[in-house]
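Asks: Structure file model04.cif, mmCIF, C-alpha atoms, is pasted below:
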```
data_start
loop_
_atom_site.label_atom_id
_atom_site.label_comp_id
_atom_site.auth_asym_id
_atom_site.auth_seq_id
_atom_site.Cartn_x
_atom_site.Cartn_y
_atom_site.Cartn_z
CA MET A 1361 0.00 0.00 0.00
CA ARG A 1362 1.10 3.59 -0.56
CA ILE A 1363 0.01 7.03 0.60
CA ALA A 1364 0.01 9.88 -1.91
CA ILE A 1365 1.90 12.42 0.13
CA ASP A 1366 0.43 15.38 -1.73
CA LYS A 1367 -3.10 14.24 -0.84
CA CYS A 1368 -2.47 13.25 2.80
CA VAL A 1369 -3.79 15.82 5.28
CA GLY A 1370 -2.00 14.23 8.24
CA CYS A 1371 -5.15 13.41 10.23
CA GLY A 1372 -3.60 10.08 11.32
CA ARG A 1373 -6.90 8.17 11.15
CA CYS A 1374 -5.35 5.39 9.09
CA VAL A 1375 -2.48 4.70 11.52
CA SER A 1376 -4.24 2.37 13.97
CA TYR A 1377 -5.84 0.20 11.26
CA CYS A 1378 -2.55 -1.34 10.14
CA PRO A 1379 -2.25 -4.80 11.77
CA VAL A 1380 1.55 -4.53 11.98
CA GLY A 1381 1.96 -0.82 12.74
CA ALA A 1382 3.57 -0.02 9.39
CA ILE A 1383 1.91 3.42 9.13
CA GLN A 1384 3.46 6.29 11.04
CA LEU A 1385 2.87 10.01 11.28
CA PHE A 1386 5.91 12.17 10.58
CA ARG A 1387 6.60 15.87 10.40
CA ASP A 1388 6.28 17.25 6.87
CA GLU A 1389 9.67 18.54 5.76
CA GLN A 1390 8.05 21.11 3.47
CA ASN A 1391 5.85 22.44 6.24
CA PRO A 1392 7.17 21.51 9.71
CA LYS A 1393 3.94 22.63 11.37
CA LYS A 1394 2.04 19.84 9.58
CA LYS A 1395 2.20 16.06 9.79
CA LYS A 1396 1.79 13.39 7.13
CA SER A 1397 1.20 9.64 7.23
CA ARG A 1398 3.86 7.39 5.78
CA ILE A 1399 3.92 3.63 5.11
CA ASP A 1400 7.08 1.70 5.94
CA GLU A 1401 7.26 -0.35 2.75
CA ASP A 1402 9.57 -2.94 4.24
CA GLU A 1403 7.01 -3.71 6.99
CA CYS A 1404 3.84 -3.29 4.88
CA LEU A 1405 2.16 -6.63 4.12
CA GLU A 1406 -0.07 -5.29 1.32
CA CYS A 1407 -3.11 -6.63 3.21
CA GLY A 1408 -5.29 -3.71 2.13
CA VAL A 1409 -6.82 -3.08 5.56
CA CYS A 1410 -5.89 0.63 5.59
CA PHE A 1411 -7.40 1.09 2.12
CA ARG A 1412 -10.65 -0.77 2.89
CA ALA A 1413 -11.07 1.01 6.25
CA ASN A 1414 -12.37 3.92 4.22
CA VAL A 1415 -11.14 6.44 6.78
CA CYS A 1416 -9.03 8.52 4.42
CA LYS A 1417 -11.24 11.41 3.31
CA PRO A 1418 -8.86 12.76 0.63
CA GLN A 1419 -8.40 9.17 -0.66
CA ALA A 1420 -4.62 9.35 -0.35
CA ILE A 1421 -4.21 5.60 0.26
CA TYR A 1422 -3.88 3.50 -2.85
CA LEU A 1423 -2.86 0.04 -3.97
CA PRO A 1424 0.07 0.16 -6.37
CA GLU A 1425 0.67 -2.45 -9.04
CA LEU A 1426 2.84 -5.11 -7.43
CA LYS A 1427 5.49 -7.15 -9.16
CA TRP A 1428 7.22 -10.39 -8.27
CA PRO A 1429 8.37 -11.06 -5.57
CA ARG A 1430 6.50 -8.33 -3.68
CA VAL A 1431 3.15 -9.54 -5.05
CA VAL A 1432 3.52 -12.55 -2.72
CA ARG A 1433 2.87 -10.23 0.22
CA ARG A 1434 -0.59 -9.40 -1.05
CA ALA A 1435 -1.39 -12.98 -2.04
CA PHE A 1436 -0.74 -14.20 1.51
CA SER A 1437 -2.07 -11.20 3.44
CA ASP A 1438 -5.24 -10.13 1.65
CA PRO A 1439 -8.01 -12.79 1.78
CA MET A 1440 -9.76 -11.13 -1.15
CA VAL A 1441 -6.99 -12.35 -3.41
CA GLU A 1442 -7.47 -15.81 -4.87
CA HIS A 1443 -4.28 -17.75 -5.46
CA LYS A 1444 -4.02 -18.54 -9.17
CA GLU A 1445 -2.36 -21.88 -8.42
CA THR A 1446 -5.06 -23.23 -6.09
CA GLY A 1447 -8.21 -21.29 -6.87
CA VAL A 1448 -8.74 -20.88 -3.12
CA PRO A 1449 -8.94 -17.46 -1.50
CA GLY A 1450 -6.79 -16.88 1.58
CA ARG A 1451 -3.77 -18.73 2.77
CA GLY A 1452 -4.62 -22.41 2.77
CA THR A 1453 -6.85 -25.09 1.35
CA GLU A 1454 -10.28 -26.52 2.11
CA GLU A 1455 -8.47 -28.78 4.62
CA MET A 1456 -10.95 -30.36 7.10
CA LYS A 1457 -13.86 -28.12 6.14
CA THR A 1458 -15.10 -30.35 3.31
CA ASN A 1459 -13.58 -33.69 4.32
CA GLU A 1460 -16.92 -35.54 4.50
CA VAL A 1461 -17.19 -34.84 0.75
CA THR A 1462 -13.59 -35.10 -0.43
CA GLY A 1463 -12.27 -37.83 1.88
CA ARG A 1464 -8.91 -36.05 1.90
CA PHE A 1465 -7.98 -37.08 5.45
CA LYS A 1466 -8.07 -40.79 6.24
CA ARG A 1467 -8.26 -42.62 9.54
CA GLY A 1468 -4.95 -43.63 11.03
CA SER A 1469 -3.11 -40.42 10.15
CA TRP A 1470 -3.50 -36.74 10.98
CA GLY A 1471 -3.57 -33.46 9.14
CA MET A 1472 -1.30 -30.76 10.49
CA ALA A 1473 -0.78 -27.09 9.75
CA VAL A 1474 1.87 -24.65 10.92
CA GLU A 1475 0.69 -21.08 10.50
CA VAL A 1476 3.72 -18.80 10.37
CA GLY A 1477 3.06 -15.22 11.48
CA ARG A 1478 -0.25 -15.97 13.16
CA PRO A 1479 -1.67 -14.45 15.28
CA GLY A 1480 -1.51 -10.90 14.11
CA ILE A 1481 2.18 -10.08 13.79
CA GLY A 1482 3.21 -11.41 10.37
CA ALA A 1483 6.45 -13.11 9.38
CA ARG A 1484 9.31 -12.97 6.92
CA LEU A 1485 9.22 -15.99 4.64
CA LYS A 1486 12.72 -17.00 5.79
CA ASP A 1487 11.01 -18.20 9.00
CA LEU A 1488 8.65 -20.32 6.92
CA GLU A 1489 11.65 -21.82 5.13
CA LEU A 1490 13.37 -22.61 8.42
CA ILE A 1491 10.35 -24.57 9.63
CA ALA A 1492 9.66 -26.21 6.26
CA MET A 1493 13.26 -27.43 5.86
CA ALA A 1494 13.27 -28.87 9.38
CA LEU A 1495 10.02 -30.72 8.68
CA ALA A 1496 11.24 -31.95 5.30
CA GLU A 1497 14.23 -33.53 7.04
CA LYS A 1498 11.71 -35.63 8.97
CA GLY A 1499 10.27 -36.93 5.72
CA ILE A 1500 7.26 -34.62 5.65
CA VAL A 1501 5.61 -34.13 2.25
CA PHE A 1502 3.93 -30.76 1.81
CA GLU A 1503 0.30 -30.49 0.71
CA PRO A 1504 0.49 -29.90 -3.06
CA ARG A 1505 -2.65 -27.74 -3.18
CA ASN A 1506 -1.49 -25.26 -0.55
CA PRO A 1507 -0.24 -21.99 -2.09
CA VAL A 1508 2.91 -22.13 0.07
CA THR A 1509 4.04 -25.17 -1.90
CA PHE A 1510 4.38 -22.97 -4.99
CA LEU A 1511 6.91 -20.78 -3.15
CA PHE A 1512 9.44 -23.57 -2.81
CA GLU A 1513 12.40 -23.84 -5.15
CA ASP A 1514 12.73 -27.43 -4.02
CA VAL A 1515 9.50 -28.84 -2.63
CA LYS A 1516 11.29 -31.93 -1.27
CA THR A 1517 13.65 -29.94 0.98
CA GLY A 1518 11.40 -26.97 1.72
CA ARG A 1519 13.97 -24.57 0.29
CA LEU A 1520 12.35 -21.32 -0.84
CA LYS A 1521 12.95 -19.41 -4.01
CA PRO A 1522 15.78 -17.15 -2.78
CA GLU A 1523 14.16 -13.87 -3.81
CA LEU A 1524 11.25 -14.57 -1.44
CA LYS A 1525 13.11 -14.97 1.84
CA ASN A 1526 12.80 -11.37 2.98
CA GLU A 1527 9.21 -10.90 1.86
CA LYS A 1528 6.84 -10.40 4.78
CA VAL A 1529 3.30 -11.79 4.95
CA LEU A 1530 0.50 -11.70 7.50
CA SER A 1531 0.56 -15.48 7.65
CA ALA A 1532 1.38 -18.48 5.52
CA ILE A 1533 0.39 -22.07 6.24
CA ILE A 1534 2.53 -25.16 5.84
CA GLU A 1535 0.08 -28.07 5.48
CA PHE A 1536 0.97 -31.75 5.60
CA GLU A 1537 -0.17 -35.21 6.61
CA VAL A 1538 1.48 -37.00 9.54
CA LYS A 1539 1.67 -40.76 9.86
CA PRO A 1540 1.88 -42.47 13.27
CA ASP A 1541 5.64 -43.10 13.03
CA GLN A 1542 6.24 -39.40 12.21
CA LEU A 1543 4.27 -37.88 15.09
CA GLY A 1544 7.01 -37.71 17.71
CA GLY A 1545 9.59 -36.37 15.27
CA VAL A 1546 7.28 -33.66 13.96
CA PHE A 1547 6.31 -32.35 17.38
CA GLN A 1548 9.92 -32.47 18.59
CA THR A 1549 11.04 -30.59 15.46
CA LEU A 1550 8.44 -27.87 16.01
CA LYS A 1551 9.51 -27.59 19.64
CA ASP A 1552 13.20 -27.31 18.67
CA ILE A 1553 12.58 -24.73 15.96
CA SER A 1554 10.47 -22.56 18.26
CA GLY A 1555 13.52 -20.77 19.69
CA LYS A 1556 15.09 -20.20 16.28
CA VAL A 1557 12.42 -18.23 14.42
CA GLU A 1558 11.98 -14.46 14.58
CA ALA A 1559 8.20 -14.61 14.28
CA VAL A 1560 5.51 -16.71 15.92
CA PHE A 1561 3.70 -19.72 14.54
CA SER A 1562 0.48 -21.52 15.47
CA VAL A 1563 0.07 -25.28 15.26
CA ASP A 1564 -3.13 -27.08 14.16
CA LEU A 1565 -4.05 -30.74 14.26
CA ILE A 1566 -6.86 -32.36 12.26
CA SER A 1567 -8.26 -35.65 13.53
CA PHE A 1568 -11.27 -37.89 13.53
CA PRO A 1569 -13.05 -37.28 16.85
CA GLU A 1570 -12.93 -40.80 18.30
CA LYS A 1571 -10.52 -41.34 21.20
CA GLU A 1572 -8.48 -43.98 19.37
CA GLU A 1573 -7.95 -41.53 16.51
CA LYS A 1574 -7.16 -38.26 18.32
CA GLY A 1575 -5.61 -39.90 21.40
CA PRO A 1576 -2.12 -40.83 20.15
CA ALA A 1577 -1.46 -37.41 18.61
CA LEU A 1578 -2.73 -35.43 21.58
CA GLU A 1579 -0.78 -37.60 23.98
CA ILE A 1580 2.54 -36.92 22.23
CA ALA A 1581 1.75 -33.22 21.78
CA THR A 1582 0.89 -32.83 25.46
CA LYS A 1583 3.98 -34.76 26.57
CA LEU A 1584 6.15 -32.36 24.58
CA GLY A 1585 4.48 -29.31 26.12
CA PHE A 1586 2.04 -28.31 23.37
CA PRO A 1587 -1.14 -26.84 24.86
CA VAL A 1588 -4.42 -28.29 23.61
CA TYR A 1589 -7.00 -25.49 23.47
CA PRO A 1590 -10.48 -26.34 24.78
CA ASN A 1591 -11.92 -24.76 21.64
CA GLY A 1592 -11.50 -25.67 18.00
CA LYS A 1593 -13.29 -26.53 14.78
CA VAL A 1594 -15.97 -29.16 14.28
CA ASN A 1595 -17.04 -30.34 10.83
CA LEU A 1596 -20.78 -31.13 11.02
CA GLY A 1597 -20.70 -33.58 8.11
CA LEU A 1598 -23.53 -31.94 6.16
CA GLY A 1599 -21.81 -31.84 2.78
CA ARG A 1600 -22.21 -34.31 -0.08
CA VAL A 1601 -21.26 -34.77 -3.71
CA LEU A 1602 -23.60 -32.76 -5.94
CA ASN A 1603 -21.70 -32.19 -9.18
CA LYS A 1604 -22.96 -34.44 -11.97
CA MET B 1029 -7.67 -21.64 5.76
CA THR B 1030 -8.10 -22.15 9.47
CA HIS B 1031 -9.46 -18.74 10.22
CA THR B 1032 -11.88 -19.68 13.01
CA LEU B 1033 -9.29 -21.64 14.99
CA HIS B 1034 -7.00 -20.28 17.73
CA ARG B 1035 -9.49 -17.90 19.33
CA THR B 1036 -8.11 -17.07 22.76
CA GLY B 1037 -9.84 -15.95 25.93
CA GLU B 1038 -11.41 -17.04 29.17
CA ILE B 1039 -13.82 -19.95 29.12
CA GLU B 1040 -16.79 -17.77 30.09
CA SER B 1041 -16.06 -15.44 27.18
CA LEU B 1042 -15.64 -18.31 24.71
CA LYS B 1043 -19.02 -19.69 25.80
CA LYS B 1044 -20.57 -16.78 23.91
CA ASP B 1045 -18.65 -17.29 20.71
CA PHE B 1046 -19.58 -19.80 17.99
CA PRO B 1047 -18.47 -18.94 14.45
CA MET B 1048 -20.12 -21.01 11.73
CA LEU B 1049 -18.83 -21.32 8.19
CA THR B 1050 -19.87 -23.06 5.01
CA HIS B 1051 -17.49 -24.11 2.28
CA VAL B 1052 -18.01 -25.72 -1.10
CA ALA B 1053 -15.85 -28.68 -2.04
CA ARG B 1054 -14.15 -27.78 -5.30
CA GLY B 1055 -14.78 -30.46 -7.90
CA TYR B 1056 -17.50 -32.14 -5.79
CA ASN B 1057 -20.32 -29.65 -5.14
CA ASP B 1058 -19.16 -26.31 -6.52
CA ILE B 1059 -21.27 -26.30 -9.69
CA GLY B 1060 -24.29 -24.10 -9.04
CA ALA B 1061 -23.23 -23.68 -5.43
CA GLY B 1062 -24.16 -20.00 -5.32
CA GLU B 1063 -27.88 -20.70 -4.93
CA ARG B 1064 -27.27 -23.39 -2.31
CA LEU B 1065 -25.02 -21.08 -0.32
CA LYS B 1066 -27.71 -18.42 -0.52
CA GLN B 1067 -30.38 -20.82 0.79
CA MET B 1068 -28.15 -21.81 3.69
CA ALA B 1069 -27.25 -18.19 4.45
CA GLU B 1070 -30.95 -17.28 4.58
CA ILE B 1071 -31.47 -20.02 7.16
CA ALA B 1072 -28.48 -19.01 9.29
CA ARG B 1073 -29.36 -15.34 9.20
CA ARG B 1074 -32.77 -16.07 10.70
CA TYR B 1075 -30.99 -17.30 13.84
CA THR B 1076 -28.20 -14.74 14.14
CA ASP B 1077 -27.59 -11.26 12.82
CA LEU B 1078 -24.35 -10.52 14.70
CA ASN B 1079 -22.18 -10.79 11.63
CA PHE B 1080 -22.25 -12.20 8.12
CA GLY B 1081 -19.61 -12.25 5.43
CA ASP B 1082 -17.81 -13.83 2.55
CA CYS B 1083 -14.08 -13.25 2.66
CA LYS B 1084 -13.85 -12.63 -1.06
CA VAL B 1085 -16.69 -10.11 -0.97
CA ALA B 1086 -17.26 -8.25 2.31
CA ASN B 1087 -18.85 -8.47 5.74
CA LYS B 1088 -22.22 -7.02 6.74
CA PHE B 1089 -20.60 -3.86 8.09
CA MET B 1090 -19.20 -3.10 4.65
CA MET B 1091 -22.03 -4.30 2.40
CA PRO B 1092 -25.71 -5.23 2.94
CA PRO B 1093 -26.06 -9.04 3.45
CA GLU B 1094 -28.53 -9.32 0.56
CA GLN B 1095 -25.87 -7.90 -1.74
CA ILE B 1096 -23.19 -10.24 -0.33
CA MET B 1097 -25.49 -13.21 -0.97
CA GLN B 1098 -25.70 -12.30 -4.66
CA LYS B 1099 -21.93 -12.54 -4.91
CA HIS B 1100 -21.16 -15.72 -2.96
CA THR B 1101 -17.91 -17.40 -3.91
CA VAL B 1102 -16.88 -20.48 -1.93
CA GLY B 1103 -18.67 -19.97 1.38
CA TRP B 1104 -19.91 -17.62 4.07
CA GLN B 1105 -19.46 -17.03 7.80
CA VAL B 1106 -21.81 -16.06 10.63
CA VAL B 1107 -21.29 -16.02 14.37
CA PHE B 1108 -23.58 -17.05 17.23
CA LYS B 1109 -23.56 -15.81 20.82
CA ASP B 1110 -25.72 -18.56 22.34
CA LYS B 1111 -26.28 -22.30 22.07
CA LYS B 1112 -30.05 -22.12 21.69
CA SER B 1113 -29.87 -20.27 18.37
CA LEU B 1114 -26.94 -22.40 17.23
CA ILE B 1115 -28.81 -25.67 17.90
CA ALA B 1116 -31.93 -24.41 16.11
CA CYS B 1117 -29.84 -23.38 13.11
CA MET B 1118 -27.95 -26.68 13.05
CA LYS B 1119 -31.26 -28.59 13.14
CA GLU B 1120 -32.72 -26.66 10.23
CA LEU B 1121 -29.55 -26.96 8.14
CA LYS B 1122 -29.58 -30.71 8.74
CA GLU B 1123 -33.27 -31.03 7.89
CA LYS B 1124 -32.96 -28.99 4.69
CA ASN B 1125 -30.06 -31.22 3.61
CA ILE B 1126 -28.73 -28.73 1.06
CA GLY B 1127 -25.40 -30.54 0.77
CA ILE B 1128 -22.68 -27.93 1.39
CA SER B 1129 -20.20 -28.48 4.24
CA VAL B 1130 -20.70 -26.64 7.53
CA VAL B 1131 -18.11 -26.13 10.26
CA VAL B 1132 -18.77 -24.72 13.73
CA SER B 1133 -16.00 -23.47 16.01
CA GLY B 1134 -16.14 -23.02 19.77
CA LEU B 1135 -15.52 -24.87 22.99
CA PHE B 1136 -15.52 -28.55 22.03
CA ASP B 1137 -17.76 -29.56 24.96
CA GLU B 1138 -20.31 -26.92 24.02
CA VAL B 1139 -20.25 -27.58 20.27
CA PHE B 1140 -20.53 -31.35 20.74
CA ALA B 1141 -23.46 -30.86 23.13
CA CYS B 1142 -25.16 -28.71 20.48
CA CYS B 1143 -24.46 -31.33 17.80
CA LYS B 1144 -26.04 -34.01 19.96
CA LYS B 1145 -29.20 -31.95 20.45
CA ALA B 1146 -29.35 -31.26 16.71
CA GLY B 1147 -28.90 -34.96 15.88
CA ILE B 1148 -25.53 -34.40 14.23
CA ASN B 1149 -22.55 -36.73 14.46
CA PRO B 1150 -19.43 -34.73 13.52
CA PRO B 1151 -16.95 -36.62 11.36
CA LEU B 1152 -13.83 -34.49 11.82
CA ILE B 1153 -12.36 -31.96 14.25
CA GLU B 1154 -9.42 -29.58 14.34
CA PHE B 1155 -7.40 -28.75 17.44
CA ALA B 1156 -5.36 -25.63 18.16
CA LEU B 1157 -2.05 -26.64 19.71
CA GLY B 1158 -0.86 -23.21 20.78
CA ILE B 1159 1.33 -20.35 19.66
CA HIS B 1160 5.09 -20.90 19.47
CA GLY B 1161 8.23 -19.05 18.46
CA ASN B 1162 9.08 -15.50 19.46
CA LYS B 1163 6.09 -14.95 21.73
CA GLU B 1164 7.54 -11.71 23.09
CA LYS B 1165 6.25 -10.09 19.91
CA LEU B 1166 2.65 -11.06 20.68
CA TRP B 1167 -0.03 -8.65 21.82
CA PRO B 1168 -0.92 -8.99 25.51
CA PRO B 1169 -3.72 -11.51 26.24
CA GLU B 1170 -6.49 -8.90 26.60
CA ILE B 1171 -5.71 -7.53 23.10
CA LEU B 1172 -5.11 -10.99 21.63
CA GLU B 1173 -8.71 -11.92 22.45
CA PHE B 1174 -9.86 -9.40 19.83
CA VAL B 1175 -7.06 -10.04 17.33
CA THR B 1176 -7.68 -13.80 17.25
CA MET B 1177 -11.35 -13.32 16.39
CA CYS B 1178 -10.11 -12.61 12.86
CA GLY B 1179 -8.02 -15.62 11.88
CA HIS B 1180 -6.63 -13.80 8.86
CA GLY B 1181 -5.09 -11.29 11.29
CA LEU B 1182 -6.80 -8.26 9.76
CA VAL B 1183 -8.00 -6.78 13.07
CA SER B 1184 -5.18 -4.62 14.36
CA GLY B 1185 -4.14 -4.65 18.00
CA HIS B 1186 -3.37 -0.94 17.51
CA LEU B 1187 -7.02 -0.39 16.58
CA VAL B 1188 -8.17 -2.25 19.70
CA LYS B 1189 -6.02 0.07 21.83
CA LYS B 1190 -7.35 3.11 19.96
CA MET B 1191 -10.96 2.04 20.49
CA VAL B 1192 -10.32 1.50 24.22
CA GLU B 1193 -8.77 5.00 24.47
CA ASP B 1194 -11.64 6.57 22.52
CA ILE B 1195 -14.26 4.85 24.69
CA LYS B 1196 -12.54 6.13 27.83
CA LYS B 1197 -12.49 9.64 26.33
CA LYS B 1198 -16.20 9.20 25.44
CA LYS B 1199 -15.42 9.77 21.76
CA ILE B 1200 -17.17 6.54 20.75
CA THR B 1201 -19.71 4.15 22.28
CA ILE B 1202 -18.82 0.55 23.09
CA LYS B 1203 -21.24 -0.72 20.46
CA LYS B 1204 -19.80 1.48 17.72
CA ALA B 1205 -16.24 0.56 18.73
CA ALA B 1206 -17.11 -3.15 18.51
CA THR B 1207 -18.53 -2.58 15.04
CA GLU B 1208 -15.42 -0.65 13.98
CA LEU B 1209 -13.29 -3.60 15.10
CA ALA B 1210 -15.49 -6.01 13.15
CA LYS B 1211 -15.12 -4.11 9.86
CA PRO B 1212 -11.58 -5.21 8.85
CA CYS B 1213 -12.46 -8.92 9.32
CA LEU B 1214 -13.74 -9.56 5.80
CA CYS B 1215 -15.07 -13.05 6.48
CA GLY B 1216 -17.57 -12.03 9.11
CA ALA B 1217 -16.10 -14.42 11.69
CA PHE B 1218 -15.43 -11.59 14.17
CA ASN B 1219 -17.95 -11.56 17.02
CA PRO B 1220 -19.01 -7.96 17.77
CA HIS B 1221 -21.19 -9.08 20.70
CA ARG B 1222 -18.21 -10.67 22.44
CA ALA B 1223 -16.08 -7.64 21.51
CA SER B 1224 -18.59 -5.37 23.27
CA ILE B 1225 -18.34 -7.45 26.44
CA LEU B 1226 -14.52 -7.39 26.29
CA LEU B 1227 -14.44 -3.65 25.61
CA ARG B 1228 -16.78 -3.02 28.56
CA ARG B 1229 -14.42 -5.00 30.78
CA MET B 1230 -11.36 -3.09 29.52
CA THR B 1231 -12.93 0.34 29.92
CA ARG B 1232 -14.53 -0.17 33.32
CA PHE B 1233 -13.08 2.50 35.58
#
```
Mind turning the file's structure into structure tokens?

Replies:
Amino acid sequence: MRIAIDKCVGCGRCVSYCPVGAIQLFRDEQNPKKKKSRIDEDECLECGVCFRANVCKPQAIYLPELKWPRVVRRAFSDPMVEHKETGVPGRGTEEMKTNEVTGRFKRGSWGMAVEVGRPGIGARLKDLELIAMALAEKGIVFEPRNPVTFLFEDVKTGRLKPELKNEKVLSAIIEFEVKPDQLGGVFQTLKDISGKVEAVFSVDLISFPEKEEKGPALEIATKLGFPVYPNGKVNLGLGRVLNK
Amino acid sequence: MTHTLHRTGEIESLKKDFPMLTHVARGYNDIGAGERLKQMAEIARRYTDLNFGDCKVANKFMMPPEQIMQKHTVGWQVVFKDKKSLIACMKELKEKNIGISVVVSGLFDEVFACCKKAGINPPLIEFALGIHGNKEKLWPPEILEFVTMCGHGLVSGHLVKKMVEDIKKKKITIKKAATELAKPCLCGAFNPHRASILLRRMTRF
């Protein structure tokens, strides 16, 4: 996002809307008695929140045309943007939401997601690479339909395209399936990497609800110090195949 | 997309917070899904009017719901503040058997109790296993409760602080501040009712 400096009246109303505090008020060099808003382009995630907030009366905030690799910021930070590769808006896939229709997740294994940058602070993609490469070493195969997978130079190792490492996004999700013999290694890897990343990441686990299905995964997670929130997502199973 | 997972807060607060979403399964029930999504949205909106949105279109604070329903893409979101309305909505969605997937988030004990009363046997669940990494960068817990109501991270902690300051200065009412916080969350998963309660608690002096 950009602010047309000649249009900005320095009211500062846009400042608080930025999720990562990338908008600041500064003293106008041309007229030191006045202030102007400025966007720190290195921190800006191109999420569009400041623009959509519709608080800028002179309409000084605008969305510039973005080129590779910066366009990745918008693709992973603005849910209104649909990823060309997946056809899904936002950061991930349909994951568990439609599983009663697609049968994507099977009994005896688990779906996992690591959401880098969530909640609310964003992350440089080099953090995503750090986590992805550590998981790949444990034999993890990344979900091919997740838009993150298209950012890898080498999808087997989790190595990113080098020009993307310093790009910052609101969040990006590494999605994968975990088999019983991988559980311990995956949780230990996530625990070990926790002290090495600059940003935060959230961990999700998809399971069938029966005790024998969720039990083994939750037991290992708990043993390694992962909290299990009392709240989460429940698929009601109301979907079915309708396309003919 | 896991945007209704990882909502933080005290148990009592989470008891008033049940986001519901629908999502088409691409390649399985996406052909002609717009009309089905509209039918389901009309049902859900009879039981809750707290929020409504489609993340590729807008939420009800940006665009009238009727207009959003004309533009449905892959799904919609609403949010409930009580189990009674949620159960009634679940029952009707099950009875109408429209065929698009529905997911409800909330305290597992509460959601499963609602499912039981609605005659629903959930096939799959998703757990949140915490926040890790450089947690020093996180917003404090009382701000995080607002921020995590938008799983895409579009609700700014800076805006929460601004709304709290403005309420204390009597520049804005609690209700209007809650609405202002709901606006950036495009999906409509943000719960303005819960936000009002949290804002009241933060501005009590």

Asks: If we count all atoms listed in the file and set the cut-off at 12 Å, which residues sit around Glu1460 (chain A), ignoring sequence neighbours fewer than 5 positions away in its own chain? Please answer as number ranges by chain.

Replies: A: 1454-1455, 1465-1466, 1568, 1594-1601; B: 1051-1053, 1056-1057, 1127-1131, 1149-1153

Asks: Would you list the residues near (0.0, -31.1, 20.2), meaning any protein, DNA or RNA residue with an atom at most 9 Å from that point in file coordinates, counting all atoms listed in the file, as a list in words?

Replies: Phe1547, Val1563, Asp1564, Leu1565, Ala1577, Leu1578, Glu1579, Ile1580, Ala1581, Thr1582, Lys1583, Leu1584, Gly1585, Phe1586, Pro1587 and Val1588 of chain A; Phe1155, Ala1156, Leu1157 and Gly1158 of chain B

Asks: Restricted to C-alpha atoms, what would the selected residues look like written as a PDB file, in the coordinates of the input?

Replies:
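Final output, saved to part_21.pdb:
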```
ATOM      1  CA  PHE A1547       6.310 -32.350  17.380  1.00  0.00           C
ATOM      2  CA  VAL A1563       0.070 -25.280  15.260  1.00  0.00           C
ATOM      3  CA  ASP A1564      -3.130 -27.080  14.160  1.00  0.00           C
ATOM      4  CA  LEU A1565      -4.050 -30.740  14.260  1.00  0.00           C
ATOM      5  CA  ALA A1577      -1.460 -37.410  18.610  1.00  0.00           C
ATOM      6  CA  LEU A1578      -2.730 -35.430  21.580  1.00  0.00           C
ATOM      7  CA  GLU A1579      -0.780 -37.600  23.980  1.00  0.00           C
ATOM      8  CA  ILE A1580       2.540 -36.920  22.230  1.00  0.00           C
ATOM      9  CA  ALA A1581       1.750 -33.220  21.780  1.00  0.00           C
ATOM     10  CA  THR A1582       0.890 -32.830  25.460  1.00  0.00           C
ATOM     11  CA  LYS A1583       3.980 -34.760  26.570  1.00  0.00           C
ATOM     12  CA  LEU A1584       6.150 -32.360  24.580  1.00  0.00           C
ATOM     13  CA  GLY A1585       4.480 -29.310  26.120  1.00  0.00           C
ATOM     14  CA  PHE A1586       2.040 -28.310  23.370  1.00  0.00           C
ATOM     15  CA  PRO A1587      -1.140 -26.840  24.860  1.00  0.00           C
ATOM     16  CA  VAL A1588      -4.420 -28.290  23.610  1.00  0.00           C
TER      17      VAL A1588
ATOM     18  CA  PHE B1155      -7.400 -28.750  17.440  1.00  0.00           C
ATOM     19  CA  ALA B1156      -5.360 -25.630  18.160  1.00  0.00           C
ATOM     20  CA  LEU B1157      -2.050 -26.640  19.710  1.00  0.00           C
ATOM     21  CA  GLY B1158      -0.860 -23.210  20.780  1.00  0.00           C
TER      22      GLY B1158
END
```

Asks: Please report, as lines of an AutoDock Vina configuration file, the centre and edge lengths in Å to one decimal of an axis-aligned box covering all listed atoms of region 1543-1552 of chain A with 6 Å per side.

Replies:
```
center_x = 8.7
center_y = -32.6
center_z = 16.8
size_x = 20.9
size_y = 22.6
size_z = 17.7
```

Asks: Might you pull out every residue within 7 Å of Thr1176 (chain B), with all atoms listed in the file counted and same-chain residues fewer than 2 positions away left off, and present them as a ChimeraX atom specification?

Replies: /A:1479 /B:1034-1036,1172-1174,1178-1179,1181

Asks: Just the residues within 8 Å of Phe1108 (chain B), please, counting only C-alpha atoms, with nothing from its chain fewer than 3 positions along; format it as a list in words.

Replies: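 With the cut-off at 8 Å, the set is Lys1044, Asp1045, Phe1046, Pro1047, Met1048, Thr1076, Leu1078, Lys1111, Ser1113, Leu1114 and Asn1219 of chain B.
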
Asks: For the file shown, what are the residues hit by the PyMOL selection byres ((chain A and resi 1552) around 12), laid out as number ranges by chain?

Replies: A: 1490-1491, 1494-1495, 1545-1551, 1553-1557, 1584-1585; B: 1160-1161

Asks: Which residues, named as in the file, does the PyMOL selection byres ((chain B and resi 1183) around 8) pick out? Answer as a ChimeraX atom specification.

Replies: /A:1377,1379,1480 /B:1174-1175,1178,1181-1182,1184-1185,1187,1209-1210,1212-1213

Asks: Mind giving me the straight-line distance from CA of His1031 (chain B) to CA of Glu1527 (chain A) in Å, one decimal?

Replies: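 Separation of CA of His1031 (chain B) and CA of Glu1527 (chain A): 21.9 Å.
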
Asks: Using CA of Arg1398 (chain A) and CA of Cys1378 (chain A) as the two end points, give the distance in Å to one decimal.

Replies: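 For CA of Arg1398 (chain A) relative to CA of Cys1378 (chain A), the distance reads 11.7 Å.
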